[in-house]
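Here is the structure we will look at, set down as structure tokens.
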Amino acid sequence: MRPLFSTHNKWISVLFGIFILFGLYLTTFYNFLLFHSIAEGFIIVVAFGIFIVAWNSRKFLENNFLLFIGIAYLFIAVLEFIHTLAYSGMGVFTGYGANLPTQLWIAARYMESISLIIALLFFGRRIRWQLLFSVYALITVLIFLSIFSWNIFPACFVEGSGLTLFKKISEYMICLIYLGVIIVLFQKQKEFEPDIYRLLIFAILLSIAAESAFTVYMNVNGLSNLAGHYFKIISFYFIYKAIIETGLTRPYDFLFRNLKKSEEKAGQERDRAQKYFDVAGVILVVINADQKVARINQKGCEILGYDESEIIGKNWFDTFVPEKQREKTRNFFIKLATGNAEQVNFFKNHVLTKDNKERLIAWYNSVLRNGDGKIIATLSSGEDITEKKQVEEALKQSEAKYRIMMEAMIDPAYICSHDFYIEYMNPAMIDKIGYDATGKSCYKALYDLDEKCSWCQFDKIQSGRHISYEREDLKTGRYYLINSSSIASSNAPASKISIFRDITEIKSMEKEKMVAEAKFRQAQKMESVGRLAGGVAHDYNNALSVIMGYTEMAMMKIDPTDNLYDDLNQVLIASKRAANITRQLLAFARKQTIAPEVLDLNENVENMLKMLRRLIGEDIDLSWLPGKGLWNVKMDPTQIDQILANLCVNARDAIEGVGKITIETGKVSLDEAYCVDHTGFVPGSFVLLSVSDNGCGMEKEILNKIFEPFFTTKAVDKGTGLGLSTVYGIAKQNKGFINAYSEPGKGTTIKIYLPRHEGKFIDTREESTPEIPQGRGETILVVEDDLSILQLTEKILITLDYTVLTADSPKKALGLAKEHAGDIHLLLTDVIMPEMNGLELADNLQILYPDLKRMFMSGYTANAIAHQGVLDQGVSFIQKPFSKNDLAKVIRKALDD
């Protein structure tokens, strides 16, 4: 690189500069205004020149530093120009004095110094020139407004007093900023050519000298003013040499090395691309618009068997494509080259080699465009798949043999792809499912599922493992042993073959064997229990006989009015009850015939209360809530005792420390609509016996098993698992049914529904309410987290002429209430729900609807819930399950109260 100054040119430039400066000095004696205008004119021309060079270089520079200072100097030139016009004697801005040009000068210097340091700090970053231009334009406008319109720009010169404090401080601040520019410039000197770096340093040092001279300015003809302008002229001359002259004479070297580095980098990239082109493992060929080969890589030459010189310039289709495929391939190329085919398109055809052999090539094609977007050539990447195709053909022949074998199999079999689509089904599988499901998803065709089977182990099969498992066909009830293995594919991930072996008869025999073994074990267990019970009952009956005999004899000797008579009578009653319990134990152990009686359930429960309180202990409160007007039931009274004893013992064991057990009775009528949605329920009139506790509750998984014989969650020595199964059996034996409600941490409610005993046939419809209370268009918000109950309740209320809003969670209910435009007259909500309970929900809704009436429903008894603090007694409450008539009555009553 030639130096910026040769020795000869350097001295000529120095002498010429001294001559110019001396000439300018002489003008000060003639007219200082002329001197000032020439000096400022030179500064303006240089500043504008910087902008021109930066603007015209913006497309070639990766770094926008030059564009940054170019835009800055454009607006500095504007400020300098207005400063020149505002100078005393120019006659453009009258009435401002020397303050106006001084203000404009300070503004220009602030803009110049700050712009230089910011531009350097943004070195190496991309900038948006439109935004930068707008920012500088806005700043310039604000400067003019602050000086000419708003009068908020601080004064810089006062006639008779000279420079203001603001002016002097500003000059010092500008000098400090220029020093900061030198520091940053020093840190980034590697980014500049050495000569340009030195010129910029000299220019900034002279700017500092100029600003220092202006701090002692006294008048226009003073030495400091003259020196300041000289320093500024020389400073801009150095900037001119660094940027403008260099940019015009050495456009590739001026200010940055980035452009040259970019060109070097581009050359390196071209060399690297050529290497990639040559070492690529596929054919790469460029075909011009005239169908001639422009470039081809080394792999292409190897496959075709020619040297590159023998291929370049040849018509690709006439020379290297077999005649039978020539026109088809040429037409595809024409479509691609004219833009009528997709940019990237897959195509296969044979090519002719030098030894006149054909190779099958799979092409991926794209087009090349010039700067105007016109298609000038095609670029094709081709993979030689000749051997692969041969392997595929061999595999097809092998597959054909296996297909014959598969179709001869009597076991159903199918093959599915890695994405679960059936590729093949043998005739036996088609017969099994009733149609050919090839092309359909295996989980839908075989199991009628909408997503992958939960038991699918395709990942293990693809890894090479053999999987064997048993599965029941839910449609036919037959059992199959399914063996699955992977099948390799030449052009896709491995598929899976599954063969179904019908093992229904084998499973049936195994099941019969298991049932027989279970019955045998059960018989052994019951025999042991029976022997134990019989032995205990015998001795116990003997003792009871003595107690009862002596008690009766003693009572005969005592006056019935004596208090001791009553005490002995209680002993006798207790002995008879013990005898009944003993008979019950024998009946269970030996399965003796029971003796059902028509009885009042309330009376039987009351007779058990004392014994039950002793059974559960003093820490647990036993609450007895008998229903009024209870119907009679017909069953063995000892079974009532057995039910209560078992349920209260279980409730006691579920309570840790202090708690409450609630026994309730009532009448329930269930209609067809309710029973359709509740498995195990039957329509009719029933007497309800309910035992609730506020103990630990149960998970759903445990709740589903509690009526199974010998199932227990207690320790081995704490329970036999026969209690609830015995209660279940008693309910079923008496043509009733049982239901359990429980939630962890909330407690458990066991409800037993015993058929109403009528003695003789009575038409129940005569006893029902003549007319079910109807709604009057009121709006009811129903909140229930059990979707089946929510839907059933909605149906019932709609048939009763109510407007119904439903929500399956408290949050949704609150959102629905906020969005609802009209009134909501009644809230019907479940008590125990996620997020918040029913009472909390009701309190929140009454903020929105102060007149809202509320009614609660639950599978727990109202009193059990009240004991937990969820409900206060006396509120509107309906217990699940409920009939349509029951619901209609309580809702009408709640709305009318």
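Residue numbering restarts at 1 in every chain; chains get A, B, ... in the order shown in the structure tokens, and ligands count up from 1 in that same order.
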
Contacts of A:Val890 at 12 Å or less, counting only C-alpha atoms, minus same-chain residues fewer than 3 places along, as a list of chain:residue names?
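Counting only C-alpha atoms, the residues come to A:Ile772, A:Pro773, A:Gln774, A:Gly775, A:Leu826, A:Leu828, A:Arg854, A:Met855, A:Phe856, A:Met857, A:Val875, A:Ser876, A:Phe877, A:Ile878, A:Gln879, A:Phe882, A:Ser883, A:Lys884, A:Asn885, A:Asp886, A:Leu887, A:Lys893, A:Ala894, A:Leu895, A:Asp896, A:Asp897.
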
Generate the output file for the selected residues, C-alpha atoms, as a CSV table (one decimal), in the first residue's frame.
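Written file, result_1.csv:
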```csv
chain,number,residue,atom,x,y,z
A,772,ILE,CA,-94.5,-32.5,40.4
A,773,PRO,CA,-93.8,-28.8,41.3
A,774,GLN,CA,-92.7,-27.0,38.1
A,775,GLY,CA,-90.4,-24.1,37.6
A,826,LEU,CA,-80.7,-20.2,42.9
A,828,LEU,CA,-77.4,-25.7,43.5
A,854,ARG,CA,-78.5,-21.5,47.7
A,855,MET,CA,-79.0,-25.2,48.1
A,856,PHE,CA,-76.4,-27.9,48.7
A,857,MET,CA,-76.2,-31.5,47.7
A,875,VAL,CA,-79.5,-24.7,55.3
A,876,SER,CA,-81.2,-26.1,52.2
A,877,PHE,CA,-79.8,-29.6,51.5
A,878,ILE,CA,-80.6,-32.6,49.4
A,879,GLN,CA,-78.8,-35.9,49.8
A,882,PHE,CA,-82.4,-38.1,44.9
A,883,SER,CA,-85.3,-38.6,42.6
A,884,LYS,CA,-86.8,-36.1,40.3
A,885,ASN,CA,-89.8,-35.6,42.6
A,886,ASP,CA,-87.5,-35.0,45.6
A,887,LEU,CA,-85.4,-32.5,43.6
A,893,LYS,CA,-89.4,-24.9,48.5
A,894,ALA,CA,-86.0,-23.2,48.5
A,895,LEU,CA,-87.1,-20.6,45.8
A,896,ASP,CA,-90.5,-19.9,47.6
A,897,ASP,CA,-89.1,-19.5,51.1
```

What lies within 12 Å of stretch 652-654 of chain A using only C-alpha atoms, ignoring chain neighbours under 2 positions off, as an MDAnalysis selection string?
chainID A and resid 612:622 644:650 656:662 691:698 712:715 718:719 742 744:749

If you run DSSP on this backbone, which residues of stretch 628-692 of chain A come out as alpha helix (DSSP H), and could you give them as a list in words?
Pro637, Thr638, Gln639, Ile640, Asp641, Gln642, Ile643, Leu644, Ala645, Asn646, Leu647, Cys648, Val649, Asn650, Ala651, Arg652, Asp653, Ala654, Glu672, Ala673, Tyr674, Cys675 and Val676 of chain A

Near A:Ala39, within 9 Å and counting only C-alpha atoms, which residues show up once chain neighbours fewer than 4 positions away are dropped, as a ChimeraX atom specification?
/A:24,34-35,43-44,229-230,232-233

Spatial neighbours of stretch 813-818 of chain A, 7 Å, only C-alpha atoms, chain gap at least 5 places, as a PDB file with all heavy atoms, in the first residue's frame:
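Result file follows (selection-v1.pdb):
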```
ATOM      1  N   VAL A 783     -73.532 -26.517  40.038  1.00  0.00           N
ATOM      2  CA  VAL A 783     -72.082 -26.726  40.094  1.00  0.00           C
ATOM      3  C   VAL A 783     -71.828 -28.111  40.690  1.00  0.00           C
ATOM      4  O   VAL A 783     -72.204 -28.381  41.827  1.00  0.00           O
ATOM      5  CB  VAL A 783     -71.379 -25.643  40.937  1.00  0.00           C
ATOM      6  CG1 VAL A 783     -69.869 -25.797  40.827  1.00  0.00           C
ATOM      7  CG2 VAL A 783     -71.814 -24.249  40.492  1.00  0.00           C
ATOM      8  N   ALA A 807     -71.674 -25.770  35.495  1.00  0.00           N
ATOM      9  CA  ALA A 807     -70.213 -25.630  35.582  1.00  0.00           C
ATOM     10  C   ALA A 807     -69.686 -26.833  36.344  1.00  0.00           C
ATOM     11  O   ALA A 807     -70.294 -27.268  37.323  1.00  0.00           O
ATOM     12  CB  ALA A 807     -69.817 -24.337  36.277  1.00  0.00           C
ATOM     13  N   LEU A 845     -70.343 -16.022  45.288  1.00  0.00           N
ATOM     14  CA  LEU A 845     -71.375 -15.674  44.300  1.00  0.00           C
ATOM     15  C   LEU A 845     -72.368 -14.652  44.860  1.00  0.00           C
ATOM     16  O   LEU A 845     -72.925 -13.851  44.110  1.00  0.00           O
ATOM     17  CB  LEU A 845     -72.119 -16.934  43.849  1.00  0.00           C
ATOM     18  CG  LEU A 845     -71.344 -17.861  42.899  1.00  0.00           C
ATOM     19  CD1 LEU A 845     -72.113 -19.138  42.652  1.00  0.00           C
ATOM     20  CD2 LEU A 845     -71.055 -17.150  41.580  1.00  0.00           C
TER      21      LEU A 845
END
```
